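Shown below: query16.cif, with mmCIF, C-alpha atoms.
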```
data_target
#
loop_
_atom_site.label_atom_id
_atom_site.label_comp_id
_atom_site.auth_asym_id
_atom_site.auth_seq_id
_atom_site.Cartn_x
_atom_site.Cartn_y
_atom_site.Cartn_z
CA MET A 947 90.00 53.25 125.69
CA SER A 948 87.79 50.20 125.58
CA ILE A 949 88.76 49.72 121.92
CA MET A 950 92.44 49.65 122.83
CA GLU A 951 92.05 47.06 125.54
CA PRO A 952 91.96 43.86 123.37
CA ALA A 953 95.07 44.93 121.48
CA ALA A 954 96.90 45.64 124.75
CA THR A 955 95.85 42.25 126.12
CA THR A 956 97.05 40.54 122.94
CA THR A 957 100.38 42.32 123.15
CA ARG A 958 100.73 41.40 126.82
CA TRP A 959 100.00 37.71 126.08
CA ALA A 960 102.35 37.70 123.11
CA GLY A 961 105.05 39.06 125.39
CA ARG A 962 104.37 36.40 127.99
CA VAL A 963 104.47 33.62 125.39
CA ARG A 964 107.70 35.04 123.99
CA ILE A 965 109.24 35.13 127.48
CA ALA A 966 108.02 31.62 128.20
CA LEU A 967 109.52 30.32 124.97
CA ILE A 968 112.78 32.19 124.60
CA GLY A 969 113.13 33.98 127.96
CA ARG A 970 113.94 37.59 128.74
CA ASP A 971 117.46 37.18 127.41
CA PRO A 972 117.41 35.09 124.19
CA LYS A 973 121.20 34.70 124.17
CA ARG A 974 121.20 33.22 127.66
CA THR A 975 118.23 30.98 126.77
CA LEU A 976 120.06 29.71 123.71
CA MET A 977 123.10 28.96 125.85
CA ARG A 978 120.95 27.09 128.40
CA ALA A 979 119.25 25.11 125.62
CA ALA A 980 122.64 24.16 124.16
CA VAL A 981 123.92 23.00 127.58
CA LEU A 982 120.70 21.04 128.13
CA ALA A 983 120.97 19.43 124.69
CA VAL A 984 124.59 18.38 125.33
CA PHE A 985 123.62 17.02 128.76
CA CYS A 986 120.69 15.06 127.29
CA TYR A 987 122.90 13.69 124.51
CA ILE A 988 125.55 12.52 126.97
CA PHE A 989 122.95 11.13 129.39
CA PHE A 990 121.05 9.12 126.78
CA LYS A 991 124.01 8.02 124.67
CA PHE A 992 126.48 7.08 127.38
CA PHE A 993 124.22 6.18 130.29
CA PHE A 994 120.55 5.53 129.58
CA PHE A 995 120.94 3.60 126.30
CA LYS A 996 123.92 1.65 127.65
CA MET A 997 123.15 0.97 131.30
CA VAL A 998 119.34 1.02 131.49
CA ILE A 999 117.59 0.42 128.17
CA LEU A 1000 119.40 -1.14 125.26
CA PRO A 1001 117.81 -0.67 121.81
CA VAL A 1002 118.23 -3.82 119.71
CA ARG A 1003 117.50 -4.73 116.12
CA ILE A 1004 116.37 -8.32 115.62
CA GLU A 1005 118.02 -10.26 112.79
CA GLY A 1006 116.81 -13.73 111.90
CA ASN A 1007 113.65 -15.73 112.47
CA SER A 1008 114.50 -17.86 115.50
CA MET A 1009 111.90 -16.00 117.66
CA PHE A 1010 109.21 -15.97 114.96
CA PRO A 1011 106.24 -15.38 115.30
CA THR A 1012 106.74 -13.57 118.63
CA TYR A 1013 109.41 -11.31 117.14
CA HIS A 1014 110.00 -10.67 113.46
CA ASP A 1015 113.18 -10.35 111.46
CA ARG A 1016 114.38 -6.73 111.17
CA GLY A 1017 112.16 -5.60 114.01
CA TRP A 1018 113.27 -3.21 116.76
CA ASN A 1019 112.97 -3.83 120.46
CA TYR A 1020 114.42 -2.72 123.79
CA VAL A 1021 116.20 -4.66 126.52
CA ASN A 1022 115.71 -3.69 130.16
CA LYS A 1023 119.13 -4.17 131.70
CA LEU A 1024 117.86 -3.53 135.21
CA ALA A 1025 115.15 -6.22 135.02
CA TYR A 1026 117.17 -8.77 136.98
CA ARG A 1027 118.85 -6.43 139.42
CA HIS A 1028 116.60 -7.48 142.29
CA SER A 1029 115.05 -10.67 140.93
CA GLU A 1030 116.12 -13.72 138.99
CA PRO A 1031 115.04 -14.61 135.43
CA GLN A 1032 111.81 -16.58 135.22
CA ARG A 1033 110.56 -19.28 132.89
CA GLY A 1034 108.93 -17.71 129.84
CA ASP A 1035 111.03 -14.51 129.95
CA VAL A 1036 112.50 -13.46 126.62
CA VAL A 1037 116.04 -12.39 127.32
CA SER A 1038 119.06 -11.09 125.46
CA ILE A 1039 122.20 -13.16 125.83
CA ARG A 1040 125.58 -11.63 125.21
CA MET A 1041 128.35 -13.24 123.20
CA SER A 1042 131.73 -11.61 123.83
CA GLY A 1043 130.02 -8.24 124.18
CA GLU A 1044 126.69 -6.52 123.77
CA HIS A 1045 126.90 -5.47 120.12
CA VAL A 1046 125.71 -8.88 118.91
CA MET A 1047 123.41 -10.89 121.18
CA PHE A 1048 121.06 -13.84 121.08
CA LEU A 1049 117.37 -13.30 121.73
CA LYS A 1050 115.87 -16.41 123.34
CA ARG A 1051 113.15 -17.56 125.71
CA ILE A 1052 114.05 -19.12 129.06
CA VAL A 1053 112.46 -22.55 129.40
CA GLY A 1054 114.67 -24.22 132.00
CA LEU A 1055 115.68 -22.88 135.41
CA PRO A 1056 118.75 -23.73 137.52
CA GLY A 1057 118.77 -27.31 138.79
CA GLU A 1058 116.01 -28.51 136.46
CA THR A 1059 116.27 -31.32 133.91
CA VAL A 1060 115.24 -30.25 130.42
CA ALA A 1061 114.32 -32.64 127.61
CA PHE A 1062 112.33 -32.60 124.36
CA GLU A 1063 110.07 -35.43 123.18
CA HIS A 1064 108.13 -35.21 119.92
CA GLY A 1065 108.51 -31.46 119.98
CA ASN A 1066 107.23 -31.12 123.53
CA LEU A 1067 109.26 -29.56 126.28
CA LEU A 1068 109.71 -31.68 129.40
CA ILE A 1069 110.87 -30.18 132.67
CA ASN A 1070 111.92 -32.77 135.25
CA GLY A 1071 110.08 -35.34 133.12
CA LYS A 1072 106.76 -33.43 133.05
CA PRO A 1073 105.42 -31.83 129.85
CA MET A 1074 105.19 -28.04 129.89
CA LEU A 1075 102.50 -25.95 128.27
CA GLU A 1076 103.98 -23.41 125.85
CA PRO A 1077 101.18 -21.14 124.61
CA TYR A 1078 103.60 -18.89 122.70
CA LEU A 1079 104.62 -21.71 120.33
CA LYS A 1080 103.48 -21.94 116.74
CA PHE A 1081 106.24 -24.11 115.28
CA ARG A 1082 107.30 -27.16 117.28
CA SER A 1083 110.64 -28.92 116.95
CA PRO A 1084 110.73 -31.62 114.27
CA ALA A 1085 113.31 -33.57 116.32
CA PRO A 1086 111.59 -36.63 117.83
CA LYS A 1087 113.72 -36.73 120.96
CA LEU A 1088 116.59 -34.81 122.51
CA ALA A 1089 118.49 -36.23 125.45
CA PRO A 1090 117.75 -34.73 128.89
CA VAL A 1091 120.15 -32.14 130.23
CA THR A 1092 120.41 -31.22 133.92
CA LEU A 1093 121.19 -27.58 134.56
CA GLY A 1094 123.79 -26.37 137.01
CA PRO A 1095 123.04 -23.98 139.91
CA ASP A 1096 123.64 -20.85 137.78
CA GLU A 1097 122.49 -22.19 134.43
CA TYR A 1098 119.35 -21.55 132.37
CA PHE A 1099 118.09 -23.35 129.30
CA VAL A 1100 117.07 -21.07 126.43
CA ILE A 1101 115.51 -21.66 123.03
CA GLY A 1102 113.81 -19.64 120.30
CA ASP A 1103 110.05 -19.71 119.74
CA ASN A 1104 110.56 -20.90 116.16
CA ARG A 1105 111.54 -24.48 116.97
CA MET A 1106 111.95 -25.24 113.27
CA ASN A 1107 114.86 -22.80 113.03
CA SER A 1108 116.50 -22.02 116.35
CA ASP A 1109 119.63 -22.75 118.31
CA GLU A 1110 119.14 -23.80 121.87
CA GLY A 1111 121.25 -24.61 124.86
CA ARG A 1112 122.29 -23.89 128.40
CA ILE A 1113 123.76 -20.55 129.37
CA LYS A 1114 125.33 -19.13 132.49
CA ARG A 1115 123.42 -16.47 134.43
CA GLU A 1116 126.20 -13.94 133.80
CA ARG A 1117 125.47 -14.02 130.06
CA ILE A 1118 121.91 -12.75 130.47
CA VAL A 1119 121.99 -9.02 129.74
CA GLY A 1120 118.34 -8.21 130.38
CA ARG A 1121 114.71 -8.85 129.58
CA VAL A 1122 113.09 -7.78 126.34
CA ILE A 1123 110.50 -5.07 127.01
CA LEU A 1124 107.96 -5.18 124.17
CA MET B 892 138.40 35.81 123.30
CA LYS B 893 142.08 36.72 123.19
CA ARG B 894 142.39 35.69 126.85
CA TRP B 895 141.23 32.15 126.03
CA ALA B 896 143.24 31.69 122.86
CA PRO B 897 146.47 30.47 124.59
CA VAL B 898 144.47 28.07 126.78
CA VAL B 899 142.60 26.60 123.79
CA LEU B 900 145.83 26.39 121.80
CA GLY B 901 147.62 24.70 124.71
CA MET B 902 144.85 22.14 125.07
CA ALA B 903 144.93 21.43 121.34
CA VAL B 904 148.71 20.91 121.44
CA ILE B 905 148.38 18.54 124.44
CA ALA B 906 145.58 16.57 122.69
CA ALA B 907 147.67 16.30 119.50
CA ALA B 908 150.69 15.13 121.52
CA ILE B 909 148.62 12.45 123.29
CA TRP B 910 147.15 11.29 119.97
CA LEU B 911 150.62 11.12 118.37
CA TRP B 912 151.97 9.19 121.36
CA MET B 913 149.11 6.68 121.10
CA VAL B 914 149.66 6.22 117.37
CA LEU B 915 153.44 5.82 117.63
CA PHE B 916 153.47 3.75 120.82
CA PRO B 917 150.17 1.87 120.98
CA SER B 918 149.36 -0.21 124.04
CA PRO B 919 149.36 -3.99 123.47
CA GLU B 920 145.53 -4.01 123.67
CA ARG B 921 145.29 -1.29 121.06
CA ALA B 922 147.82 -3.03 118.81
CA ILE B 923 145.92 -6.34 119.05
CA ARG B 924 142.59 -4.63 118.39
CA SER B 925 143.94 -2.92 115.31
CA ARG B 926 145.62 -6.14 114.10
CA LEU B 927 142.41 -8.19 114.40
CA ASN B 928 140.39 -5.48 112.68
CA ALA B 929 142.97 -5.57 109.89
CA LEU B 930 142.49 -9.35 109.69
CA ALA B 931 138.71 -8.91 109.39
CA LYS B 932 139.34 -6.43 106.57
CA ALA B 933 141.73 -8.84 104.83
CA ILE B 934 139.23 -11.71 105.05
CA SER B 935 136.46 -9.52 103.62
CA PHE B 936 136.25 -9.17 99.88
CA ASP B 937 133.89 -8.01 97.18
CA SER B 938 133.36 -8.85 93.55
CA LYS B 939 134.77 -5.52 92.35
CA GLY B 940 138.46 -6.41 92.72
CA GLY B 941 140.31 -8.13 89.89
CA LEU B 942 141.80 -11.61 90.19
CA LEU B 943 145.26 -10.25 91.02
CA THR B 944 143.89 -8.03 93.78
CA GLN B 945 141.88 -10.91 95.18
CA ALA B 946 144.91 -13.23 95.14
CA TYR B 947 147.01 -10.55 96.86
CA ASN B 948 144.40 -9.99 99.56
CA ALA B 949 143.98 -13.74 100.13
CA GLN B 950 147.76 -14.01 100.55
CA LYS B 951 147.67 -11.11 103.03
CA VAL B 952 145.49 -13.21 105.37
CA GLY B 953 148.53 -15.45 105.99
CA GLU B 954 150.49 -12.54 107.51
CA PHE B 955 148.29 -12.69 110.60
CA PHE B 956 148.98 -16.34 111.48
CA THR B 957 152.03 -18.24 112.71
CA ALA B 958 153.29 -21.03 110.45
CA ASP B 959 152.02 -23.68 112.89
CA VAL B 960 148.62 -22.10 113.60
CA ASP B 961 145.92 -24.39 114.88
CA VAL B 962 142.33 -23.50 113.93
CA GLU B 963 139.44 -25.61 115.30
CA VAL B 964 136.08 -24.01 114.64
CA ASP B 965 132.46 -25.11 114.68
CA VAL B 966 130.24 -22.39 113.28
CA SER B 967 126.50 -22.96 113.53
CA GLY B 968 125.19 -23.97 110.11
CA TYR B 969 128.63 -24.80 108.70
CA GLY B 970 129.77 -27.69 110.90
CA PRO B 971 133.16 -28.34 112.50
CA MET B 972 136.30 -27.42 110.55
CA SER B 973 139.96 -27.65 111.45
CA PHE B 974 143.04 -26.23 109.78
CA HIS B 975 146.59 -26.90 110.83
CA GLY B 976 149.27 -24.56 109.59
CA ARG B 977 149.20 -21.29 107.69
CA ASP B 978 148.96 -22.99 104.29
CA GLU B 979 145.70 -24.71 105.17
CA VAL B 980 144.26 -21.42 106.44
CA LEU B 981 145.23 -19.76 103.15
CA GLN B 982 143.65 -22.59 101.18
CA ALA B 983 140.44 -22.22 103.19
CA ALA B 984 140.44 -18.45 102.58
CA ALA B 985 140.96 -19.02 98.85
CA ALA B 986 138.18 -21.62 98.79
CA ALA B 987 135.77 -19.20 100.49
CA ARG B 988 136.63 -16.55 97.91
CA SER B 989 135.94 -18.93 95.04
CA GLN B 990 132.55 -19.95 96.45
CA LEU B 991 131.19 -16.56 97.48
CA SER B 992 130.81 -13.46 95.39
CA SER B 993 131.59 -11.23 98.36
CA LEU B 994 131.95 -11.38 102.11
CA LYS B 995 132.06 -8.75 104.84
CA VAL B 996 133.57 -9.69 108.19
CA GLU B 997 133.41 -7.50 111.29
CA ILE B 998 134.53 -7.91 114.88
CA PRO B 999 132.09 -5.84 116.94
CA ASP B 1000 133.28 -6.98 120.39
CA MET B 1001 136.72 -7.94 121.69
CA ASN B 1002 137.80 -8.78 125.23
CA ILE B 1003 141.57 -8.86 125.47
CA THR B 1004 143.42 -10.61 128.30
CA LEU B 1005 147.18 -10.15 128.24
CA ASP B 1006 149.61 -12.69 129.66
CA PRO B 1007 151.57 -11.38 132.68
CA ASP B 1008 154.72 -10.97 130.55
CA LYS B 1009 152.69 -9.15 127.85
CA GLN B 1010 154.11 -11.42 125.15
CA GLY B 1011 150.91 -13.36 124.66
CA ALA B 1012 147.19 -12.69 124.76
CA LYS B 1013 143.81 -14.37 124.68
CA VAL B 1014 141.07 -12.50 122.82
CA ASN B 1015 137.45 -13.47 123.30
CA LEU B 1016 135.62 -11.95 120.33
CA THR B 1017 132.45 -12.01 118.31
CA GLY B 1018 132.90 -12.46 114.59
CA LYS B 1019 130.08 -11.29 112.35
CA ALA B 1020 129.95 -12.35 108.69
CA MET B 1021 127.60 -10.96 106.09
CA VAL B 1022 127.18 -12.16 102.55
CA PRO B 1023 125.62 -9.26 100.62
CA GLY B 1024 122.31 -10.32 99.12
CA GLU B 1025 121.65 -12.88 101.83
CA ARG B 1026 119.38 -11.82 104.65
CA ASP B 1027 120.91 -13.88 107.45
CA VAL B 1028 123.95 -12.66 109.33
CA THR B 1029 126.24 -15.28 110.84
CA ALA B 1030 127.67 -14.42 114.26
CA GLN B 1031 129.95 -16.63 116.29
CA GLU B 1032 132.01 -16.25 119.44
CA PHE B 1033 135.69 -17.25 119.24
CA ASN B 1034 138.81 -17.35 121.35
CA PHE B 1035 141.90 -16.15 119.50
CA PHE B 1036 145.32 -16.80 121.03
CA LEU B 1037 148.12 -14.49 119.96
CA LYS B 1038 151.81 -14.16 120.68
CA LYS B 1039 154.36 -11.55 119.83
CA VAL B 1040 156.72 -12.68 117.07
CA ASN B 1041 159.37 -10.18 115.94
CA GLY B 1042 157.31 -7.30 117.34
CA LYS B 1043 154.10 -8.39 115.57
CA TRP B 1044 151.05 -9.99 117.16
CA MET B 1045 150.51 -13.34 115.43
CA ILE B 1046 147.58 -15.72 115.85
CA TYR B 1047 148.67 -19.23 116.83
CA LYS B 1048 145.35 -20.77 117.88
CA VAL B 1049 141.67 -20.19 117.16
CA GLU B 1050 138.80 -22.02 118.82
CA THR B 1051 135.03 -21.66 118.87
CA VAL B 1052 133.18 -20.67 122.01
CA LYS B 1053 129.77 -22.27 122.19
CA THR B 1054 127.62 -19.49 123.64
CA LEU B 1055 124.63 -21.82 123.74
CA ALA B 1056 125.92 -25.23 124.79
CA TRP B 1057 123.75 -28.31 124.92
CA ALA B 1058 126.24 -30.52 126.73
CA GLU B 1059 128.20 -29.43 129.79
#
```

Before we go any further, please render this structure as structure tokens.
Amino acid sequence: MSIMEPAATTTRWAGRVRIALIGRDPKRTLMRAAVLAVFCYIFFKFFFFKMVILPVRIEGNSMFPTYHDRGWNYVNKLAYRHSEPQRGDVVSIRMSGEHVMFLKRIVGLPGETVAFEHGNLLINGKPMLEPYLKFRSPAPKLAPVTLGPDEYFVIGDNRMNSDEGRIKRERIVGRVIL
Amino acid sequence: MKRWAPVVLGMAVIAAAIWLWMVLFPSPERAIRSRLNALAKAISFDSKGGLLTQAYNAQKVGEFFTADVDVEVDVSGYGPMSFHGRDEVLQAAAAARSQLSSLKVEIPDMNITLDPDKQGAKVNLTGKAMVPGERDVTAQEFNFFLKKVNGKWMIYKVETVKTLAWAE
């Protein structure tokens, strides 16, 4: 009897594992798994990866060296639901839709005057420290621009090869996560 | 299973009828979308086609524009360009074909606003151009203005939208 005990225990545990994995009724478990898979697919494809987190592939070098060409990242679309974008945030900016977007850093906030002198960023006439910069703008001077109440000034970290300009708040889709 | 067969069959027939209706009588938005996608396809070309095919496809681009079309664009990296009339647009398309070995144009996003009488429309879109072999993709936002001429949606004005604007 004592010899039989380990085998019985093994069988009992195997049964428990089997029930835990595939349930008492495998057909019903399969059906549940299929429903769950469909639900997950719909949830992630049509809600989570559209309304909450947007996966993006970076093309171009305008944010180099912070972000590299052909790299992947994610945009948090809820980042500015209860707060406004801040200076230094890297944001995605929509064009006519969200399939192709700009990836830029916010350097100017609403109402501020932005200018560049010898590659240095000036906000309201005062130079700003930009620790994330490796490549400064070769342009000696760019005329000051005063932002409207719902406008932000954005530019890429690679000042040698980046578009820059003012954008409306409504164009900011979200903040880059990584 | 037999119980469900008529229901499934009925649903399939209804789906097919809806699909057929949408194909035969597309909404103006759908018609515009399909027309602009066809334009993107006509602008695109590759090196595989012969000279005759290329000339035919270049000519096909003209079918999408009115004779007095007005194109004023300023694409980053290419500078401002303006074309007045269909002939100038065709010449520009032919010039692009002679300078590039191939080009792929896509329109990933379109926002269509119809005029109240549904005879005209403004389309805010993103055009994406890729030259195979080159790493950089060019993307630009445009406004296309279309009107219905003899039942066809024709482009009569194209302008660039500066997503990142320096000046006000």

Chain and number of each residue from the PyMOL selection byres ((chain B) within 8 of (chain A)), as a list in words
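Evaluating the PyMOL selection byres ((chain B) within 8 of (chain A)) on this file yields Pro999, Asp1000, Met1001, Asn1002, Asn1015, Leu1016, Thr1017, Arg1026, Asp1027, Val1028, Ala1030, Gln1031, Glu1032, Thr1054, Leu1055, Ala1056, Trp1057 and Ala1058 of chain B.
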
Selection: 10 Å around Phe995 (chain A), only C-alpha atoms, excl. self and same-chain fewer than 3 positions, as a PyMOL selection string
chain A and resi 989-992+998-1001+1020-1023

How many Å lie between CA of Glu1058 (chain A) and CA of Asp1103 (chain A), rounded to one decimal?
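About the pair CA of Glu1058 (chain A) and CA of Asp1103 (chain A): they are 19.8 Å apart.
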
I would like the residues chosen by the PyMOL selection byres ((chain B and resi 996) around 10) on the shown file; could you give them as a ChimeraX atom specification?
/B:928,930-936,994-995,997-999,1018-1022,1029-1030

Interatomic distance, CA of Trp910 (chain B) to CA of Lys1038 (chain B) (Å, one decimal):
25.9 Å

d(CA of Ala903 (chain B), CA of Ser925 (chain B)) in Å
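One can read the CA of Ala903 (chain B) to CA of Ser925 (chain B) distance as 25.1 Å.
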
Evaluate the PyMOL selection byres ((chain A and resi 1065) around 10) on the structure here and hand back the selected residues as a list of chain:residue names.
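Answer for the PyMOL selection byres ((chain A and resi 1065) around 10): A:Ala1061, A:Phe1062, A:Glu1063, A:His1064, A:Asn1066, A:Leu1067, A:Leu1068, A:Phe1081, A:Arg1082, A:Ser1083, A:Pro1084, A:Ala1085, A:Pro1086, A:Lys1087, A:Leu1088, A:Arg1105, A:Met1106.
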
Which polymer residues, whether protein, DNA or RNA, lie within 7 Å of the coordinate (112.3, -30.7, 132.6) when you count all atoms listed in the file? List them as an MDAnalysis selection string, using the chain letters and numbers from the file.
chainID A and resid 1054 1058:1061 1068:1072

Please write a file for region 952-968 of chain B, taken from the block I just shared, that holds N, CA, C and O atoms and is laid out as a compact mmCIF listing (two decimals), in the first residue's frame.
```txt
# COMPACT_ATOMS: atom_id res chain seq x y z
N VAL B 952 -2.32 60.52 -65.38
CA VAL B 952 -2.33 61.46 -64.24
C VAL B 952 -3.23 62.65 -64.57
O VAL B 952 -3.94 63.17 -63.71
N GLY B 953 -3.21 63.07 -65.85
CA GLY B 953 -4.00 64.23 -66.27
C GLY B 953 -5.49 64.05 -66.09
O GLY B 953 -6.23 65.02 -65.93
N GLU B 954 -5.96 62.79 -66.10
CA GLU B 954 -7.40 62.52 -65.98
C GLU B 954 -7.98 62.94 -64.63
O GLU B 954 -9.18 63.00 -64.47
N PHE B 955 -7.09 63.19 -63.67
CA PHE B 955 -7.57 63.51 -62.32
C PHE B 955 -7.70 65.01 -62.08
O PHE B 955 -8.21 65.43 -61.06
N PHE B 956 -7.21 65.81 -63.03
CA PHE B 956 -7.18 67.26 -62.83
C PHE B 956 -8.07 67.99 -63.84
O PHE B 956 -8.20 67.54 -64.98
N THR B 957 -8.60 69.14 -63.41
CA THR B 957 -9.35 69.98 -64.36
C THR B 957 -8.32 70.68 -65.26
O THR B 957 -7.14 70.78 -64.91
N ALA B 958 -8.78 71.19 -66.39
CA ALA B 958 -7.86 71.82 -67.34
C ALA B 958 -7.19 73.06 -66.74
O ALA B 958 -6.07 73.39 -67.09
N ASP B 959 -7.90 73.73 -65.81
CA ASP B 959 -7.35 74.97 -65.23
C ASP B 959 -6.84 74.76 -63.80
O ASP B 959 -6.87 75.67 -62.98
N VAL B 960 -6.38 73.56 -63.50
CA VAL B 960 -5.94 73.24 -62.13
C VAL B 960 -4.81 74.17 -61.68
O VAL B 960 -3.98 74.62 -62.48
N ASP B 961 -4.84 74.45 -60.40
CA ASP B 961 -3.87 75.37 -59.80
C ASP B 961 -3.13 74.62 -58.69
O ASP B 961 -3.74 74.26 -57.69
N VAL B 962 -1.85 74.35 -58.89
CA VAL B 962 -1.09 73.59 -57.89
C VAL B 962 0.01 74.49 -57.32
O VAL B 962 0.88 74.96 -58.07
N GLU B 963 -0.03 74.74 -56.02
CA GLU B 963 0.99 75.55 -55.35
C GLU B 963 1.50 74.72 -54.17
O GLU B 963 0.79 74.58 -53.18
N VAL B 964 2.68 74.14 -54.32
CA VAL B 964 3.17 73.28 -53.24
C VAL B 964 4.57 73.69 -52.79
O VAL B 964 5.34 74.26 -53.56
N ASP B 965 4.84 73.39 -51.53
CA ASP B 965 6.16 73.68 -50.96
C ASP B 965 6.53 72.50 -50.07
O ASP B 965 6.22 72.48 -48.88
N VAL B 966 7.16 71.52 -50.69
CA VAL B 966 7.51 70.30 -49.96
C VAL B 966 8.90 70.48 -49.35
O VAL B 966 9.83 70.93 -50.04
N SER B 967 9.01 70.15 -48.06
CA SER B 967 10.28 70.29 -47.35
C SER B 967 11.40 69.55 -48.08
O SER B 967 11.29 68.37 -48.38
N GLY B 968 12.46 70.27 -48.39
CA GLY B 968 13.59 69.65 -49.08
C GLY B 968 13.56 69.83 -50.59
O GLY B 968 14.53 69.56 -51.28
```
